[in-house]
>>> print(open('start-v2.pdb').read())   # PDB, C-alpha atoms
ATOM      1  CA  MET A   1       0.000   0.000   0.000
ATOM      2  CA  SER A   2       1.443   3.343  -0.985
ATOM      3  CA  ASP A   3      -1.159   5.976  -0.302
ATOM      4  CA  ALA A   4      -2.907   7.952   2.396
ATOM      5  CA  ALA A   5      -5.909   5.639   2.746
ATOM      6  CA  ALA A   6      -8.267   7.992   4.534
ATOM      7  CA  LEU A   7     -10.417   6.174   7.037
ATOM      8  CA  PRO A   8     -13.596   7.719   8.466
ATOM      9  CA  GLY A   9     -13.316  10.864  10.546
ATOM     10  CA  GLN A  10     -13.814  14.414   9.433
ATOM     11  CA  PRO A  11     -11.647  17.395  10.277
ATOM     12  CA  ARG A  12     -13.312  20.521   8.909
ATOM     13  CA  GLY A  13     -11.977  22.271   5.831
ATOM     14  CA  ALA A  14     -12.878  23.919   2.561
ATOM     15  CA  VAL A  15     -12.258  22.328  -0.830
ATOM     16  CA  LEU A  16      -9.136  23.855  -2.310
ATOM     17  CA  SER A  17      -8.171  24.786  -5.828
ATOM     18  CA  GLY A  18      -5.337  27.240  -6.358
ATOM     19  CA  PRO A  19      -4.000  29.650  -3.708
ATOM     20  CA  ALA A  20      -4.306  28.503  -0.104
ATOM     21  CA  THR A  21      -2.170  31.011   1.778
ATOM     22  CA  THR A  22      -0.139  34.057   0.785
ATOM     23  CA  ARG A  23       2.811  31.839  -0.136
ATOM     24  CA  ALA A  24       1.300  28.446  -1.016
ATOM     25  CA  VAL A  25      -0.561  27.361  -4.150
ATOM     26  CA  ASN A  26      -1.914  23.877  -4.770
ATOM     27  CA  VAL A  27      -1.893  22.040  -8.083
ATOM     28  CA  LEU A  28      -4.088  18.975  -7.676
ATOM     29  CA  ALA A  29      -2.841  15.789  -9.329
ATOM     30  CA  PRO A  30      -5.432  13.830 -11.345
ATOM     31  CA  ASN A  31      -5.102  10.669  -9.253
ATOM     32  CA  ALA A  32      -8.268  10.742  -7.182
ATOM     33  CA  SER A  33      -9.216   7.451  -5.512
ATOM     34  CA  PRO A  34     -10.470   6.117  -2.179
ATOM     35  CA  MET A  35      -6.795   5.968  -1.204
ATOM     36  CA  THR A  36      -5.836   9.493  -2.332
ATOM     37  CA  LEU A  37      -9.098  11.403  -1.763
ATOM     38  CA  ASP A  38      -9.359  14.180  -4.386
ATOM     39  CA  GLY A  39      -5.800  13.459  -5.553
ATOM     40  CA  THR A  40      -2.324  14.439  -4.411
ATOM     41  CA  ASN A  41      -1.794  18.072  -3.477
ATOM     42  CA  THR A  42       1.383  19.348  -5.121
ATOM     43  CA  TRP A  43       2.408  22.542  -3.364
ATOM     44  CA  ILE A  44       4.189  25.503  -4.937
ATOM     45  CA  VAL A  45       5.586  27.739  -2.201
ATOM     46  CA  ALA A  46       7.275  31.112  -2.693
ATOM     47  CA  GLU A  47       7.689  34.554  -1.204
ATOM     48  CA  PRO A  48       5.252  37.025  -2.824
ATOM     49  CA  ASP A  49       8.030  39.188  -4.276
ATOM     50  CA  SER A  50      10.360  36.355  -5.305
ATOM     51  CA  ASP A  51      10.933  34.838  -8.727
ATOM     52  CA  LEU A  52      11.990  31.517  -7.149
ATOM     53  CA  ALA A  53       9.670  28.773  -5.906
ATOM     54  CA  VAL A  54       9.906  25.485  -4.023
ATOM     55  CA  VAL A  55       7.718  22.527  -4.983
ATOM     56  CA  ILE A  56       6.688  20.027  -2.330
ATOM     57  CA  ASP A  57       5.555  16.569  -3.493
ATOM     58  CA  PRO A  58       5.462  16.587  -7.326
ATOM     59  CA  GLY A  59       3.108  13.628  -7.119
ATOM     60  CA  PRO A  60       2.691  10.667  -9.473
ATOM     61  CA  LEU A  61       4.674  10.126 -12.671
ATOM     62  CA  ASP A  62       2.251  12.051 -14.877
ATOM     63  CA  ASP A  63       3.887  14.382 -17.370
ATOM     64  CA  ALA A  64       0.736  16.451 -17.851
ATOM     65  CA  HIS A  65       0.527  17.103 -14.104
ATOM     66  CA  LEU A  66       4.232  17.866 -13.762
ATOM     67  CA  ARG A  67       4.058  20.331 -16.637
ATOM     68  CA  ALA A  68       0.926  21.899 -15.130
ATOM     69  CA  VAL A  69       2.925  22.541 -11.955
ATOM     70  CA  MET A  70       5.671  24.212 -13.979
ATOM     71  CA  GLU A  71       3.151  26.271 -15.945
ATOM     72  CA  THR A  72       1.395  27.411 -12.760
ATOM     73  CA  ALA A  73       4.689  28.644 -11.345
ATOM     74  CA  GLY A  74       5.600  30.221 -14.684
ATOM     75  CA  ARG A  75       2.340  32.189 -14.907
ATOM     76  CA  ALA A  76       3.253  33.736 -11.546
ATOM     77  CA  GLY A  77       6.659  34.688 -12.957
ATOM     78  CA  ARG A  78       8.507  32.106 -10.926
ATOM     79  CA  ARG A  79      11.178  29.530 -11.654
ATOM     80  CA  ILE A  80      11.145  26.311  -9.649
ATOM     81  CA  ALA A  81      14.445  26.169  -7.790
ATOM     82  CA  LEU A  82      14.053  23.145  -5.491
ATOM     83  CA  THR A  83      11.915  20.044  -4.989
ATOM     84  CA  LEU A  84      11.117  18.646  -1.532
ATOM     85  CA  LEU A  85       9.390  15.408  -0.525
ATOM     86  CA  THR A  86       7.282  14.773   2.572
ATOM     87  CA  HIS A  87       7.778  11.009   2.162
ATOM     88  CA  GLY A  88       8.447   8.379  -0.434
ATOM     89  CA  HIS A  89       5.036   6.921  -1.290
ATOM     90  CA  PRO A  90       4.545   6.895  -5.074
ATOM     91  CA  ASP A  91       1.522   9.187  -5.078
ATOM     92  CA  HIS A  92       3.808  11.898  -3.640
ATOM     93  CA  ALA A  93       7.247  11.031  -4.968
ATOM     94  CA  GLU A  94       7.020   8.873  -8.076
ATOM     95  CA  GLY A  95       7.221  11.901 -10.367
ATOM     96  CA  ALA A  96      10.126  13.524  -8.504
ATOM     97  CA  ALA A  97      12.954  12.297 -10.740
ATOM     98  CA  ARG A  98      11.117  13.309 -13.918
ATOM     99  CA  PHE A  99      10.175  16.654 -12.372
ATOM    100  CA  ALA A 100      13.810  17.248 -11.405
ATOM    101  CA  GLU A 101      14.769  16.529 -15.009
ATOM    102  CA  LEU A 102      12.177  18.962 -16.372
ATOM    103  CA  THR A 103      13.056  21.741 -13.923
ATOM    104  CA  ARG A 104      16.769  20.990 -13.483
ATOM    105  CA  THR A 105      16.330  21.048  -9.735
ATOM    106  CA  LYS A 106      17.645  18.954  -6.889
ATOM    107  CA  VAL A 107      15.339  16.751  -4.842
ATOM    108  CA  ARG A 108      15.724  16.809  -1.068
ATOM    109  CA  ALA A 109      14.143  14.168   1.171
ATOM    110  CA  LEU A 110      14.814  12.302   4.384
ATOM    111  CA  ASP A 111      15.299   8.957   2.607
ATOM    112  CA  PRO A 112      18.679   8.941   0.784
ATOM    113  CA  ALA A 113      17.179   6.758  -1.950
ATOM    114  CA  LEU A 114      14.833   9.601  -2.948
ATOM    115  CA  ARG A 115      17.414  12.379  -3.110
ATOM    116  CA  LEU A 116      18.764  13.814  -6.331
ATOM    117  CA  GLY A 117      21.799  15.867  -5.345
ATOM    118  CA  ASP A 118      24.086  15.940  -2.366
ATOM    119  CA  GLU A 119      21.771  17.421   0.257
ATOM    120  CA  GLY A 120      19.210  15.504   2.231
ATOM    121  CA  LEU A 121      16.866  16.726   4.925
ATOM    122  CA  THR A 122      17.160  16.242   8.669
ATOM    123  CA  ALA A 123      15.300  17.432  11.746
ATOM    124  CA  GLY A 124      15.905  21.092  12.434
ATOM    125  CA  ASP A 125      16.996  21.994   8.912
ATOM    126  CA  VAL A 126      15.809  25.338   7.603
ATOM    127  CA  VAL A 127      15.351  25.464   3.840
ATOM    128  CA  THR A 128      15.725  28.972   2.409
ATOM    129  CA  THR A 129      15.048  29.820  -1.233
ATOM    130  CA  GLY A 130      14.373  33.276  -2.619
ATOM    131  CA  GLY A 131      13.746  34.611   0.881
ATOM    132  CA  LEU A 132      11.318  31.797   1.674
ATOM    133  CA  GLU A 133      11.866  29.913   4.940
ATOM    134  CA  LEU A 134      10.682  26.344   5.477
ATOM    135  CA  ARG A 135      11.529  24.528   8.695
ATOM    136  CA  VAL A 136      11.883  20.741   8.555
ATOM    137  CA  VAL A 137       9.793  18.952  11.179
ATOM    138  CA  PRO A 138      10.252  15.174  11.558
ATOM    139  CA  THR A 139       6.834  13.508  11.685
ATOM    140  CA  PRO A 140       7.409   9.745  11.363
ATOM    141  CA  GLY A 141       4.571   7.335  11.916
ATOM    142  CA  HIS A 142       2.599   7.171   8.674
ATOM    143  CA  THR A 143       5.972   6.152   7.250
ATOM    144  CA  ALA A 144       9.416   6.113   8.835
ATOM    145  CA  ASP A 145      10.589   8.862   6.455
ATOM    146  CA  SER A 146       7.651  11.257   6.870
ATOM    147  CA  LEU A 147       8.438  14.960   7.230
ATOM    148  CA  SER A 148       6.343  18.085   7.598
ATOM    149  CA  PHE A 149       7.378  21.598   6.600
ATOM    150  CA  HIS A 150       6.617  24.551   8.836
ATOM    151  CA  LEU A 151       5.966  27.758   6.890
ATOM    152  CA  PRO A 152       6.201  30.331   9.698
ATOM    153  CA  ALA A 153       5.464  33.389   7.542
ATOM    154  CA  ASP A 154       1.988  31.981   6.803
ATOM    155  CA  ARG A 155       1.549  30.320  10.201
ATOM    156  CA  ALA A 156       1.045  27.102   8.259
ATOM    157  CA  VAL A 157       2.413  23.571   8.149
ATOM    158  CA  LEU A 158       2.579  21.235   5.146
ATOM    159  CA  THR A 159       1.860  17.799   6.579
ATOM    160  CA  GLY A 160       2.036  15.307   3.708
ATOM    161  CA  ASP A 161      -0.004  12.326   4.883
ATOM    162  CA  THR A 162       0.512  12.902   8.607
ATOM    163  CA  ILE A 163      -2.675  14.972   8.723
ATOM    164  CA  LEU A 164      -5.152  14.884   5.847
ATOM    165  CA  GLY A 165      -7.748  17.442   4.902
ATOM    166  CA  ARG A 166     -10.491  14.820   5.185
ATOM    167  CA  GLY A 167     -10.621  11.527   7.033
ATOM    168  CA  THR A 168      -7.726  10.034   8.962
ATOM    169  CA  THR A 169      -4.406   8.533   7.952
ATOM    170  CA  VAL A 170      -3.398   4.890   7.933
ATOM    171  CA  VAL A 171      -0.358   4.031  10.027
ATOM    172  CA  ALA A 172       0.613   1.003   7.989
ATOM    173  CA  HIS A 173       2.577  -1.746   9.719
ATOM    174  CA  PRO A 174       5.508  -2.427   9.562
ATOM    175  CA  ASP A 175       6.926   0.838   8.164
ATOM    176  CA  GLY A 176       4.351   2.867  10.046
ATOM    177  CA  ARG A 177       4.606   2.865  13.841
ATOM    178  CA  LEU A 178       1.837   4.174  16.040
ATOM    179  CA  GLY A 179       4.061   5.328  18.895
ATOM    180  CA  ASP A 180       6.073   7.442  16.463
ATOM    181  CA  TYR A 181       2.875   8.761  14.925
ATOM    182  CA  LEU A 182       1.428   9.870  18.251
ATOM    183  CA  ASP A 183       4.699  11.625  19.055
ATOM    184  CA  SER A 184       4.510  13.374  15.676
ATOM    185  CA  LEU A 185       0.982  14.577  16.325
ATOM    186  CA  ARG A 186       2.103  15.992  19.663
ATOM    187  CA  ARG A 187       5.003  17.701  17.894
ATOM    188  CA  LEU A 188       2.544  19.300  15.479
ATOM    189  CA  ARG A 189       0.328  20.311  18.386
ATOM    190  CA  SER A 190       3.323  22.128  19.864
ATOM    191  CA  LEU A 191       3.617  24.096  16.620
ATOM    192  CA  THR A 192       0.013  25.219  16.975
ATOM    193  CA  VAL A 193       0.417  26.178  20.642
ATOM    194  CA  ASP A 194       3.957  27.554  20.735
ATOM    195  CA  ASP A 195       4.440  28.858  17.186
ATOM    196  CA  GLY A 196       0.952  30.006  16.296
ATOM    197  CA  VAL A 197       0.398  27.613  13.391
ATOM    198  CA  HIS A 198      -3.261  27.719  12.405
ATOM    199  CA  THR A 199      -3.356  26.327   8.839
ATOM    200  CA  VAL A 200      -2.755  22.745   7.704
ATOM    201  CA  LEU A 201      -1.742  22.296   4.063
ATOM    202  CA  PRO A 202      -2.230  18.537   3.672
ATOM    203  CA  GLY A 203      -0.990  16.047   1.106
ATOM    204  CA  HIS A 204      -4.580  15.098   0.265
ATOM    205  CA  GLY A 205      -7.911  16.803   0.787
ATOM    206  CA  PRO A 206      -8.860  20.378   1.595
ATOM    207  CA  VAL A 207      -6.914  22.944   3.579
ATOM    208  CA  LEU A 208      -7.733  23.036   7.289
ATOM    209  CA  ASP A 209      -7.951  26.419   8.980
ATOM    210  CA  ASP A 210      -7.983  25.085  12.553
ATOM    211  CA  ALA A 211      -4.672  23.276  12.891
ATOM    212  CA  GLN A 212      -4.934  22.726  16.625
ATOM    213  CA  GLY A 213      -8.452  21.377  16.271
ATOM    214  CA  ALA A 214      -7.299  18.980  13.562
ATOM    215  CA  VAL A 215      -4.438  17.669  15.706
ATOM    216  CA  GLU A 216      -6.713  17.238  18.721
ATOM    217  CA  PHE A 217      -9.220  15.410  16.523
ATOM    218  CA  TYR A 218      -6.511  13.042  15.304
ATOM    219  CA  LEU A 219      -5.232  12.354  18.815
ATOM    220  CA  ALA A 220      -8.753  11.699  20.103
ATOM    221  CA  HIS A 221      -9.519   9.469  17.135
ATOM    222  CA  ARG A 222      -6.384   7.397  17.757
ATOM    223  CA  ALA A 223      -7.191   7.039  21.447
ATOM    224  CA  HIS A 224     -10.722   5.922  20.571
ATOM    225  CA  ARG A 225      -9.513   3.365  18.021
ATOM    226  CA  LEU A 226      -6.899   2.007  20.430
ATOM    227  CA  ALA A 227      -9.566   1.515  23.066
ATOM    228  CA  GLN A 228     -11.781  -0.264  20.531
ATOM    229  CA  VAL A 229      -8.955  -2.567  19.449
ATOM    230  CA  GLU A 230      -8.007  -3.343  23.046
ATOM    231  CA  THR A 231     -11.638  -4.175  23.844
ATOM    232  CA  ALA A 232     -11.901  -6.350  20.728
ATOM    233  CA  VAL A 233      -8.822  -8.336  21.731
ATOM    234  CA  GLU A 234     -10.178  -8.798  25.264
ATOM    235  CA  ALA A 235     -13.396 -10.116  23.694
ATOM    236  CA  GLY A 236     -11.423 -12.810  21.864
ATOM    237  CA  HIS A 237     -10.733 -11.232  18.480
ATOM    238  CA  ARG A 238      -7.075 -12.150  18.276
ATOM    239  CA  THR A 239      -6.008 -11.661  14.652
ATOM    240  CA  ALA A 240      -5.839  -8.379  12.790
ATOM    241  CA  SER A 241      -8.502  -9.477  10.307
ATOM    242  CA  GLN A 242     -10.845 -10.411  13.157
ATOM    243  CA  VAL A 243     -10.290  -7.048  14.825
ATOM    244  CA  VAL A 244     -10.954  -5.212  11.559
ATOM    245  CA  ALA A 245     -14.236  -7.052  11.012
ATOM    246  CA  HIS A 246     -15.301  -6.126  14.542
ATOM    247  CA  VAL A 247     -13.986  -2.557  14.899
ATOM    248  CA  TYR A 248     -14.240  -1.341  11.298
ATOM    249  CA  ALA A 249     -17.578  -2.940  10.482
ATOM    250  CA  ASP A 250     -18.963   0.466   9.448
ATOM    251  CA  VAL A 251     -16.098   1.124   7.032
ATOM    252  CA  ASP A 252     -16.333   0.350   3.311
ATOM    253  CA  ARG A 253     -14.846  -3.112   2.837
ATOM    254  CA  SER A 254     -12.583  -1.800   0.078
ATOM    255  CA  LEU A 255     -10.655  -0.024   2.860
ATOM    256  CA  TRP A 256     -10.344  -3.096   5.090
ATOM    257  CA  PRO A 257      -6.881  -4.054   3.772
ATOM    258  CA  ALA A 258      -5.623  -0.602   4.754
ATOM    259  CA  ALA A 259      -7.444  -0.854   8.075
ATOM    260  CA  GLU A 260      -5.779  -4.219   8.723
ATOM    261  CA  LEU A 261      -2.325  -2.666   8.339
ATOM    262  CA  SER A 262      -3.367   0.047  10.769
ATOM    263  CA  VAL A 263      -4.686  -2.553  13.221
ATOM    264  CA  LEU A 264      -1.376  -4.407  13.067
ATOM    265  CA  ALA A 265       0.335  -1.168  14.096
ATOM    266  CA  GLN A 266      -2.167  -0.724  16.917
ATOM    267  CA  LEU A 267      -1.697  -4.292  18.145
ATOM    268  CA  GLU A 268       2.065  -3.773  18.130
ATOM    269  CA  TYR A 269       1.667  -0.565  20.147
ATOM    270  CA  LEU A 270      -0.695  -2.155  22.679
ATOM    271  CA  GLY A 271       1.641  -5.125  23.083
ATOM    272  CA  GLU A 272       4.707  -2.925  23.545
ATOM    273  CA  HIS A 273       2.920  -1.005  26.293
ATOM    274  CA  GLY A 274       1.696  -4.159  28.066
ATOM    275  CA  LEU A 275      -1.950  -3.394  27.393
ATOM    276  CA  ILE A 276      -2.650  -6.699  25.663
ATOM    277  CA  GLU A 277      -0.986 -10.094  25.834
ATOM    278  CA  THR A 278       1.097 -11.001  22.802
ATOM    279  CA  ALA A 279       1.865 -14.500  21.601
TER     280      ALA A 279
END
>>> encode(input="start-v2.pdb", output="structure tokens")
Amino acid sequence: MSDAAALPGQPRGAVLSGPATTRAVNVLAPNASPMTLDGTNTWIVAEPDSDLAVVIDPGPLDDAHLRAVMETAGRAGRRIALTLLTHGHPDHAEGAARFAELTRTKVRALDPALRLGDEGLTAGDVVTTGGLELRVVPTPGHTADSLSFHLPADRAVLTGDTILGRGTTVVAHPDGRLGDYLDSLRRLRSLTVDDGVHTVLPGHGPVLDDAQGAVEFYLAHRAHRLAQVETAVEAGHRTASQVVAHVYADVDRSLWPAAELSVLAQLEYLGEHGLIETA
């Protein structure tokens, strides 16, 4: 599984097309599906008076989409100077190498296998291009290599698949780890409390204008699901598939495979914390 896989749950937001904040514009990839919601949000970020732009998550390998991103930047009088990746799932990163070829840019990511150029990304890095400042925030959990980008000038954070504009994110075992994910949500909550972040620019779905509310919703949702899974195990549902059938009975069955990966991550977390017995 390579995508966001939004499970039920509904942070509030408005459908987005085009500008989202003073510095961020979305170009929506044409890859809508139950796993990608409306499609992948490719973000073009730039200072208002700059002729240089940064692109975050070029999206799938779709030449028409990649060229649309370039054309959108070009109409604003901007040249794309750098490509960044929130994580390596194909719906976000598959087009990165082709996009780098088209734009003659480097690609920076946490995973060395995704980089094109000498520079990667690590926690605490500050990316500056044309006066723009993006702060790298490690947010593992959905995947081990997941990053978010704090855009302080717009009091916004680009979250990839860590927080979606609609629904909730799968933490897919074994690459995804629930303990890491909960820590990442708390890290994002700190941005909303300590740094005044109020806007979430997600990898899928609409922009959210109540960042703290979205984080609190996600934390509450995870706590609720963990309690449901723990109760299901205590009732004798021992395998992940049994837990899914019991806990996710109201979810479209097409999403059950994704839910099963998430349940495996939850079972691992509960076992590690001594909340359920493991074989």
>>> closest_atom_pairs(input="start-v2.pdb", of="range 100-198 of chain A", to="range 252-266 of chain A", cutoff="10 Å", atoms="all atoms listed in the file", output="CSV")
residue,atom,partner,partner_atom,distance
A:Gly141,CA,A:Ala265,CA,9.7
A:His142,CA,A:Ser262,CA,9.5
A:Thr169,CA,A:Ser262,CA,9.0
A:Val170,CA,A:Ser262,CA,5.6
A:Val171,CA,A:Ser262,CA,5.0
A:Ala172,CA,A:Leu261,CA,4.7
A:His173,CA,A:Ala265,CA,5.0
A:Pro174,CA,A:Ala265,CA,7.0
A:Asp175,CA,A:Ala265,CA,9.1
A:Gly176,CA,A:Ala265,CA,7.0
A:Arg177,CA,A:Ala265,CA,5.9
A:Leu178,CA,A:Ala265,CA,5.9
A:Gly179,CA,A:Ala265,CA,8.9
>>> write_last_selection(input="start-v2.pdb", atoms="C-alpha atoms", output="mmCIF file, in the coordinates of the input")
data_model
loop_
_atom_site.group_PDB
_atom_site.id
_atom_site.type_symbol
_atom_site.label_atom_id
_atom_site.label_comp_id
_atom_site.auth_asym_id
_atom_site.auth_seq_id
_atom_site.Cartn_x
_atom_site.Cartn_y
_atom_site.Cartn_z
ATOM 1 C CA GLY A 141 4.571 7.335 11.916
ATOM 2 C CA HIS A 142 2.599 7.171 8.674
ATOM 3 C CA THR A 169 -4.406 8.533 7.952
ATOM 4 C CA VAL A 170 -3.398 4.890 7.933
ATOM 5 C CA VAL A 171 -0.358 4.031 10.027
ATOM 6 C CA ALA A 172 0.613 1.003 7.989
ATOM 7 C CA HIS A 173 2.577 -1.746 9.719
ATOM 8 C CA PRO A 174 5.508 -2.427 9.562
ATOM 9 C CA ASP A 175 6.926 0.838 8.164
ATOM 10 C CA GLY A 176 4.351 2.867 10.046
ATOM 11 C CA ARG A 177 4.606 2.865 13.841
ATOM 12 C CA LEU A 178 1.837 4.174 16.040
ATOM 13 C CA GLY A 179 4.061 5.328 18.895
#
>>> residues_around(input="start-v2.pdb", residues="Leu82 in chain A", least_positions_apart="6", cutoff="7 Å", atoms="only C-alpha atoms", output="list in words")
Val54, Val55, Thr105, Lys106 and Val107 of chain A
>>> write_last_selection(input="start-v2.pdb", atoms="C-alpha atoms", output="mmCIF file, in the coordinates of the input")
data_model
loop_
_atom_site.group_PDB
_atom_site.id
_atom_site.type_symbol
_atom_site.label_atom_id
_atom_site.label_comp_id
_atom_site.auth_asym_id
_atom_site.auth_seq_id
_atom_site.Cartn_x
_atom_site.Cartn_y
_atom_site.Cartn_z
ATOM 1 C CA VAL A 54 9.906 25.485 -4.023
ATOM 2 C CA VAL A 55 7.718 22.527 -4.983
ATOM 3 C CA THR A 105 16.330 21.048 -9.735
ATOM 4 C CA LYS A 106 17.645 18.954 -6.889
ATOM 5 C CA VAL A 107 15.339 16.751 -4.842
#
>>> closest_residue(input="start-v2.pdb", among="A:Leu134, A:Leu66, A:Leu267, A:Leu158", to="Thr239 in chain A", atoms="all atoms listed in the file")
A:Leu267
>>> residues_around(input="start-v2.pdb", residues="Thr40 in chain A", least_positions_apart="5", cutoff="6 Å", atoms="all atoms listed in the file", output="VMD selection string")
chain A and resid 28 to 29 203 to 204
>>> atom_distance(input="start-v2.pdb", atom1="CA of Val137 in chain A", atom2="CA of Ala24 in chain A")
17.6 Å
>>> closest_residue(input="start-v2.pdb", among="A:Thr128, A:Thr199, A:Thr86, A:Thr122", to="Thr143 in chain A", atoms="all atoms listed in the file")
A:Thr86
>>> resolve_selection(input="start-v2.pdb", expression="the PyMOL selection byres ((chain A and resi 33) around 12)", output="list in words")
Asp3, Ala4, Ala5, Ala6, Ala29, Pro30, Asn31, Ala32, Pro34, Met35, Thr36, Leu37, Asp38, Gly39, Thr40, Asp91, His204, Gly205, Ser254 and Leu255 of chain A
>>> atom_distance(input="start-v2.pdb", atom1="CA of Pro138 in chain A", atom2="CA of Ser184 in chain A")
7.3 Å
>>> closest_residue(input="start-v2.pdb", among="A:His87, A:Arg98, A:His92, A:Arg225", to="Asp111 in chain A", atoms="only C-alpha atoms")
A:His87
>>> atom_distance(input="start-v2.pdb", atom1="CA of Thr159 in chain A", atom2="CA of Asp209 in chain A")
13.3 Å
